[in-house]
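All remarks here apply to the structure that follows.
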Amino acid sequence: MVSEFGKTSKGESAKLYFMKNKNGMEIAVTDYGAALVKAAVSDKDKKMQDVVLGYDSAAAYEKGDVYFGASVGRVANRIGDASFELNGKTYELTANAGVNSLHGGRDYYNKRMWKAEKIEDRSVTFHLCSPKGDQGYPGNADISVTYELTDNNEIIIHYHAVSDADTLMNLTNHSYFNLSGHASGTVLKQEVMIAADSFTRADAESIPTGEIVPVEGTPMDFREYKTIGQDIEADYEALVFGMGYDHNWVLNGDGMRVVAGMRSKETGIAMEVVTDLPGMQFYTGNFLISEAGKEGAEYKKRHGVCFETQYFPDAVHKEHFEGPVVRAGEVYDTTTVYRFHTEA
Ligand code: GLA
């Protein structure tokens, strides 16, 4: 099913694509920013709960600056000093987070109309041509993001990109999850697990120092489920710098694997994050102040959390961090899955 999602300030008409599986789980995605707008899952009382934060119209997505549900690129997260060198040439990006570049720096991918292609009952592909020089990056890049809903209650997000020159690429999804329902308030009592033995330490500007720090004995240890609130106010450098959790975890293992989980006792709704990427930014909505959301909801600090799968932030400046250089003609292909189930 397709419905109108209003017009952008440029007069472009956005659409909302709905997909439903045999369990009644329903998601909606929009071509404006290739964003996930809705993910309704049945709770333990068989009531549908929309577990992602979002807005009611494309215009609200255009106004918003917290990346609800967004496809983020060309390089998600931060690049130190908003510049990098590639093949001996220096590229200047836009500094939009102090002196650093965050989530593309300018002309955000999540503030553009993507072209909906291959519209099927259970999947939609959004396509974006990102020309050479776009946001300061080299290479004409052909990018697509496919959302698919399966009967296993999985939202599969598949990223595919090719550039005609060497470039950087690090696409992520910036959905904020609240498994007690998008309008239910803080997530502090919900539990999270992150399958990571270490995280990348960052400075006060959230740029990795290059150190890989074991989570053992720190508030960053999510190897066993614990409530998000348990340690979030601890007097620990990372939490002070991030004003809560806002770090990259070094995910254990490689290939497609479960890297994180979250659950709400209140609704019984649980999710797992599966990805083939090496890192994940776990961000606890520390910068949400007051966002007027969908269906009259007001979202405040820590009303949702993001699991942004990624190459490590500032990897271009750290030789021992993998990625995010994509060579001319090379296929960038990664997949992240948000999988839901309900516990009684
Ligand atoms: C990422 C960053 C955060 C913040 C959010 C968006 O999670 O790491 O610092 O910018 O995106 O508000």
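Chains: A, B, ... in order of the structure tokens. Residues: from 1 per chain. Ligands: from 1, in order shown.
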Using only C-alpha atoms, tabulate the residues of stretch 168-281 of chain A lying at most 7 Å from any atom of stretch 74-77 of chain A, each with its closest atom pair and that distance in Å to one decimal, by chain and increasing residue number, as JSON lines.
```
{"residue": "A:Leu168", "atom": "CA", "partner": "A:Val75", "partner_atom": "CA", "distance": 6.7}
{"residue": "A:Met169", "atom": "CA", "partner": "A:Val75", "partner_atom": "CA", "distance": 5.4}
{"residue": "A:Asn170", "atom": "CA", "partner": "A:Val75", "partner_atom": "CA", "distance": 4.4}
{"residue": "A:Leu171", "atom": "CA", "partner": "A:Ala76", "partner_atom": "CA", "distance": 5.8}
{"residue": "A:Thr172", "atom": "CA", "partner": "A:Ala76", "partner_atom": "CA", "distance": 6.2}
```
Preceding selection exported with N, CA and C atoms as a PDB file, in the first residue's frame:
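See selection.pdb below for the written result:
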```pdb
ATOM      1  N   LEU A 168      34.762   7.407  -0.062  1.00  0.00           N
ATOM      2  CA  LEU A 168      34.431   6.828   1.241  1.00  0.00           C
ATOM      3  C   LEU A 168      32.946   6.499   1.231  1.00  0.00           C
ATOM      4  N   MET A 169      32.583   5.452   1.940  1.00  0.00           N
ATOM      5  CA  MET A 169      31.172   5.083   2.021  1.00  0.00           C
ATOM      6  C   MET A 169      30.940   4.406   3.359  1.00  0.00           C
ATOM      7  N   ASN A 170      29.954   4.891   4.088  1.00  0.00           N
ATOM      8  CA  ASN A 170      29.625   4.297   5.390  1.00  0.00           C
ATOM      9  C   ASN A 170      28.170   4.649   5.686  1.00  0.00           C
ATOM     10  N   LEU A 171      27.277   3.834   5.157  1.00  0.00           N
ATOM     11  CA  LEU A 171      25.852   4.129   5.281  1.00  0.00           C
ATOM     12  C   LEU A 171      25.288   3.449   6.512  1.00  0.00           C
ATOM     13  N   THR A 172      24.361   4.141   7.185  1.00  0.00           N
ATOM     14  CA  THR A 172      23.717   3.503   8.337  1.00  0.00           C
ATOM     15  C   THR A 172      22.254   3.900   8.397  1.00  0.00           C
TER      16      THR A 172
END
```
Determine, using only C-alpha atoms and all ligand atoms, which residues of chain A have any atom at most 7 Å from an atom of ligand 1, and tabulate each with its shortest atom pair and distance in Å to one decimal place, rows ordered by chain and then rising number, as a tab-separated table.
```
residue	atom	partner	partner_atom_place_in_ligand_line	distance
A:Val66	CA	ligand 1	12 (O)	4.6
A:Tyr67	CA	ligand 1	6 (C)	6.2
A:Asn77	CA	ligand 1	8 (O)	5.6
A:Leu102	CA	ligand 1	10 (O)	6.8
A:Asp246	CA	ligand 1	8 (O)	5.4
A:His247	CA	ligand 1	8 (O)	6.6
A:Gln281	CA	ligand 1	7 (O)	6.2
A:Phe282	CA	ligand 1	7 (O)	7.0
A:Tyr283	CA	ligand 1	7 (O)	4.9
A:Phe287	CA	ligand 1	12 (O)	5.8
A:Cys306	CA	ligand 1	7 (O)	6.8
```
Open item on the list: To test your reading of the structure, identify every residue in stretch 198-240 of chain A that backbone DSSP assigns to strand (DSSP E or B), and report it as a count of residues only.
Closed with: 14
TODO: May I have the residues within 10 Å of A:Asp254 as an MDAnalysis selection string, using only C-alpha atoms and disregarding those fewer than 2 positions away in the same chain?
DONE: chainID A and resid 251:252 256:259 275:278
Since we have the selection now, will you write its residues out, keeping C-alpha atoms, as a CSV table (one decimal), in the first residue's frame?
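File again-v5.csv, as written:
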```csv
chain,number,residue,atom,x,y,z
A,251,LEU,CA,31.5,-5.9,17.6
A,252,ASN,CA,32.6,-9.5,18.3
A,256,MET,CA,26.2,-11.8,9.6
A,257,ARG,CA,25.8,-12.3,13.3
A,258,VAL,CA,23.7,-11.1,16.2
A,259,VAL,CA,25.4,-8.0,17.6
A,275,THR,CA,24.8,-7.1,10.8
A,276,ASP,CA,27.9,-7.9,8.7
A,277,LEU,CA,29.6,-4.6,9.8
A,278,PRO,CA,32.4,-4.3,12.3
```
TODO: Would you please work out which residue, of A:Phe321, A:Tyr299, A:Tyr225, A:Tyr245, is nearest to A:Gly210 when using only C-alpha atoms?
DONE: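 Using only C-alpha atoms, the shortest distance to A:Gly210 belongs to A:Phe321.
We find atom CA of A:Asp235 and atom CA of A:Asp221 to be spaced 14.6 Å apart.
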- [ ] Pull the alpha helix (DSSP H) assignments for stretch 12-223 of chain A out of DSSP run on the backbone, and list those residues as a list of chain:residue names.
- [x] A:Ala58, A:Ala59, A:Ala60, A:Tyr61, A:Glu62, A:Lys63
Task: Contacts of A:Gly80 within 7 Å, only C-alpha atoms, excl. fewer than 4 positions in-chain, as a list in words - done: Asn100, Ser101, Ile207 and Asp314 of chain A
Print the selection's residues with N, CA and C atoms to a file, as a compact mmCIF listing (two decimals), in the first residue's frame.
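The new file selection34.txt reads:
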```
# COMPACT_ATOMS: atom_id res chain seq x y z
N ASN A 100 34.41 19.07 13.39
CA ASN A 100 34.29 17.77 12.73
C ASN A 100 33.06 17.69 11.83
N SER A 101 33.08 16.67 10.98
CA SER A 101 31.95 16.46 10.08
C SER A 101 31.14 15.27 10.61
N ILE A 207 35.56 12.04 18.81
CA ILE A 207 36.44 11.48 17.78
C ILE A 207 37.27 10.38 18.45
N ASP A 314 35.63 7.98 12.12
CA ASP A 314 36.96 8.53 11.79
C ASP A 314 37.94 7.46 11.30
```
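Relative to atom CA of A:Glu12, atom CA of A:Gly105 is found at 22.8 Å.
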Task: Within 10 Å of A:Lys111 using only C-alpha atoms, minus same-chain residues under 6 positions, as a ChimeraX atom specification - done: /A:8,32-35,58-59,61-65,67,70-72
Residues from the last selection, all heavy atoms, saved as an mmCIF file, in the first residue's frame:
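What ended up in part25.cif:
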```cif
data_model
loop_
_atom_site.group_PDB
_atom_site.id
_atom_site.type_symbol
_atom_site.label_atom_id
_atom_site.label_comp_id
_atom_site.auth_asym_id
_atom_site.auth_seq_id
_atom_site.Cartn_x
_atom_site.Cartn_y
_atom_site.Cartn_z
ATOM 1 N N THR A 8 7.546 18.472 0.271
ATOM 2 C CA THR A 8 8.713 19.128 0.866
ATOM 3 C C THR A 8 8.650 20.616 0.513
ATOM 4 O O THR A 8 7.812 21.028 -0.291
ATOM 5 C CB THR A 8 10.017 18.543 0.284
ATOM 6 O OG1 THR A 8 10.087 18.912 -1.095
ATOM 7 C CG2 THR A 8 10.058 17.032 0.415
ATOM 8 N N TYR A 32 11.326 10.093 1.200
ATOM 9 C CA TYR A 32 12.019 11.271 1.702
ATOM 10 C C TYR A 32 13.061 10.808 2.727
ATOM 11 O O TYR A 32 12.722 10.383 3.834
ATOM 12 C CB TYR A 32 11.050 12.297 2.325
ATOM 13 C CG TYR A 32 11.811 13.554 2.681
ATOM 14 C CD1 TYR A 32 12.228 14.434 1.694
ATOM 15 C CD2 TYR A 32 12.193 13.805 3.988
ATOM 16 C CE1 TYR A 32 12.988 15.554 2.004
ATOM 17 C CE2 TYR A 32 12.962 14.920 4.313
ATOM 18 C CZ TYR A 32 13.355 15.786 3.305
ATOM 19 O OH TYR A 32 14.131 16.883 3.602
ATOM 20 N N GLY A 33 14.320 10.830 2.349
ATOM 21 C CA GLY A 33 15.393 10.394 3.235
ATOM 22 C C GLY A 33 15.540 8.891 3.350
ATOM 23 O O GLY A 33 16.318 8.405 4.157
ATOM 24 N N ALA A 34 14.777 8.146 2.527
ATOM 25 C CA ALA A 34 14.808 6.673 2.598
ATOM 26 C C ALA A 34 14.717 6.234 4.065
ATOM 27 O O ALA A 34 15.536 5.464 4.562
ATOM 28 C CB ALA A 34 16.057 6.117 1.929
ATOM 29 N N ALA A 35 13.703 6.775 4.748
ATOM 30 C CA ALA A 35 13.605 6.582 6.199
ATOM 31 C C ALA A 35 12.561 5.550 6.595
ATOM 32 O O ALA A 35 11.543 5.380 5.920
ATOM 33 C CB ALA A 35 13.266 7.922 6.848
ATOM 34 N N ALA A 58 6.469 14.331 5.555
ATOM 35 C CA ALA A 58 7.797 14.581 4.989
ATOM 36 C C ALA A 58 8.299 15.951 5.423
ATOM 37 O O ALA A 58 9.488 16.134 5.697
ATOM 38 C CB ALA A 58 7.748 14.480 3.470
ATOM 39 N N ALA A 59 7.376 16.924 5.515
ATOM 40 C CA ALA A 59 7.783 18.281 5.917
ATOM 41 C C ALA A 59 8.414 18.271 7.301
ATOM 42 O O ALA A 59 9.395 18.979 7.553
ATOM 43 C CB ALA A 59 6.578 19.218 5.885
ATOM 44 N N TYR A 61 9.986 15.716 8.633
ATOM 45 C CA TYR A 61 11.319 15.108 8.491
ATOM 46 C C TYR A 61 12.306 16.132 7.952
ATOM 47 O O TYR A 61 13.471 16.155 8.327
ATOM 48 C CB TYR A 61 11.259 13.874 7.570
ATOM 49 C CG TYR A 61 10.771 12.632 8.298
ATOM 50 C CD1 TYR A 61 9.414 12.354 8.396
ATOM 51 C CD2 TYR A 61 11.664 11.767 8.922
ATOM 52 C CE1 TYR A 61 8.951 11.243 9.082
ATOM 53 C CE2 TYR A 61 11.223 10.651 9.611
ATOM 54 C CZ TYR A 61 9.862 10.395 9.691
ATOM 55 O OH TYR A 61 9.421 9.301 10.390
ATOM 56 N N GLU A 62 11.821 16.999 7.056
ATOM 57 C CA GLU A 62 12.688 18.019 6.476
ATOM 58 C C GLU A 62 13.133 19.021 7.556
ATOM 59 O O GLU A 62 14.278 19.457 7.576
ATOM 60 C CB GLU A 62 11.936 18.737 5.351
ATOM 61 C CG GLU A 62 12.813 19.686 4.569
ATOM 62 C CD GLU A 62 12.083 20.300 3.375
ATOM 63 O OE1 GLU A 62 10.860 20.108 3.226
ATOM 64 O OE2 GLU A 62 12.777 20.983 2.598
ATOM 65 N N LYS A 63 12.247 19.341 8.453
ATOM 66 C CA LYS A 63 12.564 20.292 9.525
ATOM 67 C C LYS A 63 13.449 19.674 10.604
ATOM 68 O O LYS A 63 14.304 20.329 11.174
ATOM 69 C CB LYS A 63 11.261 20.788 10.162
ATOM 70 C CG LYS A 63 11.007 22.262 9.869
ATOM 71 C CD LYS A 63 9.894 22.825 10.759
ATOM 72 C CE LYS A 63 8.523 22.676 10.115
ATOM 73 N NZ LYS A 63 7.456 22.312 11.032
ATOM 74 N N GLY A 64 13.219 18.421 10.901
ATOM 75 C CA GLY A 64 13.887 17.763 12.027
ATOM 76 C C GLY A 64 15.394 17.647 11.832
ATOM 77 O O GLY A 64 15.883 17.588 10.706
ATOM 78 N N ASP A 65 16.136 17.628 12.944
ATOM 79 C CA ASP A 65 17.583 17.473 12.792
ATOM 80 C C ASP A 65 18.124 16.382 13.711
ATOM 81 O O ASP A 65 19.272 16.427 14.131
ATOM 82 C CB ASP A 65 18.302 18.804 13.020
ATOM 83 C CG ASP A 65 18.045 19.370 14.399
ATOM 84 O OD1 ASP A 65 17.359 18.714 15.200
ATOM 85 O OD2 ASP A 65 18.536 20.480 14.687
ATOM 86 N N TYR A 67 17.593 12.985 12.853
ATOM 87 C CA TYR A 67 17.796 11.810 11.998
ATOM 88 C C TYR A 67 16.838 10.655 12.296
ATOM 89 O O TYR A 67 17.226 9.488 12.193
ATOM 90 C CB TYR A 67 19.247 11.300 12.086
ATOM 91 C CG TYR A 67 20.292 12.355 11.857
ATOM 92 C CD1 TYR A 67 20.819 13.093 12.912
ATOM 93 C CD2 TYR A 67 20.763 12.625 10.573
ATOM 94 C CE1 TYR A 67 21.778 14.065 12.708
ATOM 95 C CE2 TYR A 67 21.733 13.595 10.363
ATOM 96 C CZ TYR A 67 22.236 14.317 11.436
ATOM 97 O OH TYR A 67 23.192 15.273 11.232
ATOM 98 N N ALA A 70 16.399 7.662 9.681
ATOM 99 C CA ALA A 70 17.043 8.069 8.432
ATOM 100 C C ALA A 70 18.090 7.115 7.882
ATOM 101 O O ALA A 70 18.752 6.400 8.619
ATOM 102 C CB ALA A 70 17.705 9.433 8.654
ATOM 103 N N SER A 71 18.245 7.176 6.566
ATOM 104 C CA SER A 71 19.410 6.602 5.906
ATOM 105 C C SER A 71 20.464 7.698 5.913
ATOM 106 O O SER A 71 20.241 8.791 5.384
ATOM 107 C CB SER A 71 19.095 6.212 4.463
ATOM 108 O OG SER A 71 18.240 5.103 4.448
ATOM 109 N N VAL A 72 21.600 7.409 6.528
ATOM 110 C CA VAL A 72 22.625 8.427 6.733
ATOM 111 C C VAL A 72 23.854 8.127 5.877
ATOM 112 O O VAL A 72 24.302 6.988 5.811
ATOM 113 C CB VAL A 72 23.025 8.485 8.227
ATOM 114 C CG1 VAL A 72 24.104 9.516 8.460
ATOM 115 C CG2 VAL A 72 21.813 8.796 9.096
#
```
Task: Nearest to A:Leu36, chosen from A:His174, A:Lys189, A:His158, A:Arg78, with only C-alpha atoms counted in the distances - done: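 The shortest atom-to-atom distance to A:Leu36 comes from A:His174.
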